[in-house]
Amino acid sequence: MFTSVKELVGMAQSQGLPISEVMIRQEMDRYQESREQVWQRMSENLDAMDRAVEKGSRGKGVFSPTGLTGGEAALLRDYRKDHVSLSGDTMLEAVQAAMATNEVNASMGVICATPTAGSSGTLPGVLAALKRRIDLSRDGQIRFLFTAGAFGLVTANNAMIAGATGGCQAEVGSASAMGAAAAVEAAGGDPATCAEAFAIAMSNLLGLVCDPVAGLVELPCVKRNAIGAGNALIAADIALSGGSNKIPADEVIEAMRKVGRQLPASLRETGEGGLAGTPTGQRFRKTIFGR
Amino acid sequence: MAGEYRSVFDIIGPVMVGPSSSHTAGAVAIGRAARHLIGGLPDEAIIDYYESFAKTHKGHGTDYAIVSGLLGFAPDDGRVPNAVSIARDQGVHIEFRECPGPSPIDHPNTAVLNMRRGQRQMSIFGCSIGGGTVEIRRIQMNGYDLKPGGMLPLLLVEEPSGRPDSGQDDPVAQLAGAGDNLRRSSSYQSADGGSIMHVYDLDKPLSELVLQKIRRAAPQMIYIN
């Protein structure tokens, strides 16, 4: 099993395979499952993602029980119809899908955690952009998820993916970096370029704190996923253009781990610091939980 | 390595009811492990939360998620948000306690389930390490204080002491290790010294066939997946 990005890229290069294929073969080998079984499971995860995007984008959207979040993916959908957007429609499609997913999550609907529920909108956001921009096939979308998962495994095993242990850089930061790497493969980039995109995306989100208002996975979580998806696309483009992060991916992961350890508990999913600690954040907590 | 994630589906997945993979899907997994340990729905469950779990369990749905696991629900089951009232309707006594101080198993997302089912009482110490993956770091039962490696699946087999410690010759260990599956085994003596509990940390789930064979060799075994 690969334990670093360097090993993962090395395995892909020496076997002349894309990262997604290295991941699929490892999964088959480890769990003694057929290619069809592994492929089918990932296909079901993709279905769950698509359903969440659709649900959050339909009608007036979905709303959380607290009323703190909801309906803004639908606002974006309408805005896209009658405005010339500033960041371009592909970007806004990504943002809409990301926010729709996290609004469904906050409403206690069904999502696919990638790698976590708090960061579940980032990969669907990137996928939405790829479907539109490069007409990514259904098989290509499933491969995208295997590539993202391979980079996520390295991140989870060498650093962390939970907000409580590493802040939001471990959740949306990881998801964004996974999405950047997978977007590069989907766009025809080689494994080394995937690793560059991963490193660029994660470097951009280092230090991101986990400060959910009232301890709920709503503010700022829903819009953080929009940033994660946008950042992934930007990092993928920079890498595909030949740009380099200079600091290798494995060292960025190690930096993320160290930053996560240095973050005080108040910025690691306790609902105490950051935005959660603002007067308005505290007022929401009192209104919702009565203390 | 810092973590022990093994499958791509630990990262892409699970499909689950929101809002938090650590606090919701992970909590379902801890509840399910507890159900496996005590052999069904307990009559009583007193749930202690520590650190991040203690601070945010209400907003994250941790309460209904833990109880969903006790009820045997999957993380994407539509009944998950109503699990606490479903269990109470079935006569289960449930309490949640926010504990001050650090986690007894050194993780910010910690839940300890103290359970009674009939005459049996057990405590299971679980932590949610992210993305819905959990570790069981401690189990207290029948006078034992067990400290497994953490990752699931786990196999617990009790035998009277006095029998020679057979180690690798132990048929259960051999069966559990089918296909190089055994990561670690450890043995604990009960408080009264009358028996021994073997704890097997496994790499991946056991097949139904292997489970049946182990059950024949050791009918009292407990499999936690």
# chains A, B, ... in the order shown; residues from 1 in each chain; ligands from 1
call {"tool": "residues_around", "arguments": {"residues": "A:Ala201", "least_positions_apart": "6", "cutoff": "6 Å", "atoms": "only C-alpha atoms", "output": "number ranges by chain"}}
result
A: 177, 232, 235
call {"tool": "closest_atom_pairs", "arguments": {"of": "chain A", "to": "chain B", "cutoff": "6 Å", "atoms": "only C-alpha atoms", "output": "JSON lines"}}
result
{"residue": "A:Asn105", "atom": "CA", "partner": "B:Gly18", "partner_atom": "CA", "distance": 4.4}
{"residue": "A:Ala106", "atom": "CA", "partner": "B:Pro19", "partner_atom": "CA", "distance": 5.2}
{"residue": "A:Met108", "atom": "CA", "partner": "B:Gly18", "partner_atom": "CA", "distance": 4.3}
{"residue": "A:Gly109", "atom": "CA", "partner": "B:Val17", "partner_atom": "CA", "distance": 5.2}
{"residue": "A:Val110", "atom": "CA", "partner": "B:Val17", "partner_atom": "CA", "distance": 4.3}
{"residue": "A:Ile111", "atom": "CA", "partner": "B:Met16", "partner_atom": "CA", "distance": 5.5}
{"residue": "A:Cys112", "atom": "CA", "partner": "B:Val15", "partner_atom": "CA", "distance": 4.1}
{"residue": "A:Ala113", "atom": "CA", "partner": "B:Gly13", "partner_atom": "CA", "distance": 4.8}
{"residue": "A:Thr114", "atom": "CA", "partner": "B:Ile12", "partner_atom": "CA", "distance": 4.8}
{"residue": "A:Pro115", "atom": "CA", "partner": "B:Ile11", "partner_atom": "CA", "distance": 4.6}
{"residue": "A:Thr116", "atom": "CA", "partner": "B:Gly131", "partner_atom": "CA", "distance": 4.3}
{"residue": "A:Ala117", "atom": "CA", "partner": "B:Ser21", "partner_atom": "CA", "distance": 4.8}
{"residue": "A:Gly118", "atom": "CA", "partner": "B:Ser20", "partner_atom": "CA", "distance": 5.8}
{"residue": "A:Gly149", "atom": "CA", "partner": "B:Val8", "partner_atom": "CA", "distance": 5.3}
{"residue": "A:Asn157", "atom": "CA", "partner": "B:Gly3", "partner_atom": "CA", "distance": 4.0}
{"residue": "A:Asn158", "atom": "CA", "partner": "B:Ala2", "partner_atom": "CA", "distance": 5.1}
{"residue": "A:Ile161", "atom": "CA", "partner": "B:Gly130", "partner_atom": "CA", "distance": 5.6}
{"residue": "A:Ala162", "atom": "CA", "partner": "B:Gly130", "partner_atom": "CA", "distance": 4.4}
{"residue": "A:Gly215", "atom": "CA", "partner": "B:Thr56", "partner_atom": "CA", "distance": 5.1}
{"residue": "A:Leu216", "atom": "CA", "partner": "B:Gly59", "partner_atom": "CA", "distance": 4.9}
{"residue": "A:Thr270", "atom": "CA", "partner": "B:Ser52", "partner_atom": "CA", "distance": 5.3}
call {"tool": "residues_around", "arguments": {"residues": "A:Ala182", "least_positions_apart": "5", "cutoff": "9 Å", "atoms": "only C-alpha atoms", "output": "PyMOL selection string"}}
result
chain A and resi 19-20+143-149+151+177+187+194+197-198+236
call {"tool": "write_last_selection", "arguments": {"atoms": "all heavy atoms", "output": "short mmCIF file (atom, residue, chain, number, x, y, z; two decimals), in the first residue's frame"}}
result
data_model
loop_
_atom_site.label_atom_id
_atom_site.label_comp_id
_atom_site.auth_asym_id
_atom_site.auth_seq_id
_atom_site.Cartn_x
_atom_site.Cartn_y
_atom_site.Cartn_z
N ILE A 19 -3.43 7.33 -11.66
CA ILE A 19 -3.59 7.14 -10.21
C ILE A 19 -4.87 6.36 -9.91
O ILE A 19 -4.90 5.49 -9.04
CB ILE A 19 -3.66 8.52 -9.51
CG1 ILE A 19 -2.40 9.34 -9.82
CG2 ILE A 19 -3.94 8.36 -8.01
CD1 ILE A 19 -1.26 9.24 -8.91
N SER A 20 -5.95 6.68 -10.63
CA SER A 20 -7.23 6.01 -10.34
C SER A 20 -7.08 4.49 -10.47
O SER A 20 -7.61 3.74 -9.66
CB SER A 20 -8.31 6.51 -11.31
OG SER A 20 -7.91 6.36 -12.65
N ARG A 143 -13.87 7.40 -12.02
CA ARG A 143 -12.39 7.42 -11.90
C ARG A 143 -11.91 8.61 -11.08
O ARG A 143 -10.98 8.51 -10.28
CB ARG A 143 -11.75 7.47 -13.29
CG ARG A 143 -11.63 6.12 -13.92
CD ARG A 143 -10.60 6.06 -15.02
NE ARG A 143 -10.59 4.70 -15.52
CZ ARG A 143 -9.85 3.73 -14.99
NH1 ARG A 143 -9.00 3.98 -14.01
NH2 ARG A 143 -9.93 2.52 -15.47
N PHE A 144 -12.54 9.76 -11.31
CA PHE A 144 -12.22 10.97 -10.55
C PHE A 144 -12.26 10.66 -9.05
O PHE A 144 -11.37 11.06 -8.28
CB PHE A 144 -13.23 12.06 -10.92
CG PHE A 144 -13.19 13.31 -10.08
CD1 PHE A 144 -12.48 14.43 -10.52
CD2 PHE A 144 -13.87 13.38 -8.87
CE1 PHE A 144 -12.45 15.59 -9.75
CE2 PHE A 144 -13.83 14.54 -8.10
CZ PHE A 144 -13.13 15.64 -8.55
N LEU A 145 -13.29 9.93 -8.63
CA LEU A 145 -13.45 9.66 -7.19
C LEU A 145 -12.36 8.70 -6.67
O LEU A 145 -11.91 8.83 -5.54
CB LEU A 145 -14.84 9.10 -6.91
CG LEU A 145 -15.98 10.09 -7.17
CD1 LEU A 145 -17.34 9.41 -6.97
CD2 LEU A 145 -15.87 11.31 -6.26
N PHE A 146 -11.92 7.76 -7.51
CA PHE A 146 -10.82 6.87 -7.08
C PHE A 146 -9.52 7.66 -6.93
O PHE A 146 -8.75 7.45 -5.99
CB PHE A 146 -10.64 5.72 -8.06
CG PHE A 146 -11.63 4.60 -7.87
CD1 PHE A 146 -12.63 4.38 -8.80
CD2 PHE A 146 -11.56 3.77 -6.76
CE1 PHE A 146 -13.56 3.36 -8.62
CE2 PHE A 146 -12.47 2.75 -6.57
CZ PHE A 146 -13.48 2.54 -7.51
N THR A 147 -9.27 8.56 -7.88
CA THR A 147 -8.05 9.38 -7.78
C THR A 147 -8.10 10.25 -6.53
O THR A 147 -7.13 10.31 -5.76
CB THR A 147 -7.91 10.28 -9.03
OG1 THR A 147 -8.04 9.47 -10.19
CG2 THR A 147 -6.56 10.99 -9.05
N ALA A 148 -9.24 10.91 -6.33
CA ALA A 148 -9.39 11.76 -5.14
C ALA A 148 -9.19 10.92 -3.88
O ALA A 148 -8.52 11.35 -2.93
CB ALA A 148 -10.78 12.40 -5.14
N GLY A 149 -9.76 9.72 -3.87
CA GLY A 149 -9.65 8.85 -2.70
C GLY A 149 -8.21 8.42 -2.41
O GLY A 149 -7.81 8.31 -1.25
N PHE A 151 -5.44 10.13 -3.00
CA PHE A 151 -4.76 11.25 -2.33
C PHE A 151 -5.32 11.47 -0.92
O PHE A 151 -4.58 11.82 0.00
CB PHE A 151 -4.90 12.53 -3.18
CG PHE A 151 -3.92 12.59 -4.32
CD1 PHE A 151 -4.26 12.07 -5.57
CD2 PHE A 151 -2.66 13.14 -4.14
CE1 PHE A 151 -3.35 12.12 -6.62
CE2 PHE A 151 -1.75 13.18 -5.19
CZ PHE A 151 -2.09 12.67 -6.44
N ALA A 177 -7.78 19.67 -2.08
CA ALA A 177 -6.55 19.13 -2.65
C ALA A 177 -6.81 17.82 -3.40
O ALA A 177 -6.27 17.58 -4.49
CB ALA A 177 -5.51 18.93 -1.55
N ALA A 187 -8.61 15.81 -16.69
CA ALA A 187 -8.31 16.69 -17.83
C ALA A 187 -7.13 16.19 -18.65
O ALA A 187 -6.68 16.89 -19.56
CB ALA A 187 -8.03 18.10 -17.32
N CYS A 194 -0.82 15.76 -11.16
CA CYS A 194 -1.86 15.59 -10.12
C CYS A 194 -1.29 15.98 -8.76
O CYS A 194 -1.93 16.70 -7.98
CB CYS A 194 -2.33 14.13 -10.03
SG CYS A 194 -3.19 13.51 -11.49
N ALA A 197 -0.90 19.75 -8.37
CA ALA A 197 -2.19 20.41 -8.12
C ALA A 197 -2.63 20.19 -6.68
O ALA A 197 -3.13 21.11 -6.01
CB ALA A 197 -3.25 19.87 -9.09
N PHE A 198 -2.42 18.96 -6.21
CA PHE A 198 -2.77 18.63 -4.82
C PHE A 198 -2.01 19.56 -3.87
O PHE A 198 -2.59 20.16 -2.95
CB PHE A 198 -2.40 17.17 -4.55
CG PHE A 198 -2.59 16.75 -3.12
CD1 PHE A 198 -3.79 16.20 -2.70
CD2 PHE A 198 -1.56 16.91 -2.19
CE1 PHE A 198 -3.96 15.83 -1.38
CE2 PHE A 198 -1.73 16.54 -0.88
CZ PHE A 198 -2.92 16.00 -0.47
N ALA A 236 -5.82 23.15 -10.09
CA ALA A 236 -5.67 22.19 -11.20
C ALA A 236 -5.21 22.92 -12.46
O ALA A 236 -4.32 22.45 -13.19
CB ALA A 236 -7.00 21.47 -11.45
#
call {"tool": "residues_around", "arguments": {"residues": "A:Asn231", "least_positions_apart": "3", "cutoff": "12 Å", "atoms": "only C-alpha atoms", "output": "PyMOL selection string"}}
result
chain A and resi 91+94-95+122-123+125-126+172-181+183+197-205+224-228+234-238
call {"tool": "select_by_dssp", "arguments": {"residues": "stretch 91-279 of chain A", "states": "strand (DSSP E or B)", "output": "VMD selection string"}}
result
chain A and resid 110 to 112 210 268
call {"tool": "write_last_selection", "arguments": {"atoms": "N, CA and C atoms", "output": "short mmCIF file (atom, residue, chain, number, x, y, z; two decimals), in the first residue's frame"}}
result
data_model
loop_
_atom_site.label_atom_id
_atom_site.label_comp_id
_atom_site.auth_asym_id
_atom_site.auth_seq_id
_atom_site.Cartn_x
_atom_site.Cartn_y
_atom_site.Cartn_z
N VAL A 110 -29.41 13.08 3.10
CA VAL A 110 -28.38 12.07 2.82
C VAL A 110 -27.32 12.64 1.87
N ILE A 111 -26.05 12.51 2.28
CA ILE A 111 -24.92 12.93 1.44
C ILE A 111 -23.86 11.81 1.45
N CYS A 112 -22.84 11.98 0.60
CA CYS A 112 -21.70 11.07 0.66
C CYS A 112 -20.53 11.85 1.25
N CYS A 210 -11.55 25.47 12.07
CA CYS A 210 -12.90 24.89 12.14
C CYS A 210 -13.65 25.61 13.25
N ARG A 268 -10.91 24.15 16.76
CA ARG A 268 -11.04 22.79 16.23
C ARG A 268 -12.41 22.23 16.61
#
call {"tool": "atom_distance", "arguments": {"atom1": "atom CA of B:Ser185", "atom2": "atom CA of B:Gly69"}}
result
26.1 Å
call {"tool": "select_by_dssp", "arguments": {"residues": "stretch 146-215 of chain A", "states": "helix (DSSP H, G or I)", "output": "PyMOL selection string"}}
result
chain A and resi 146-158+163-166+168-170+172-186+191-205+213-215
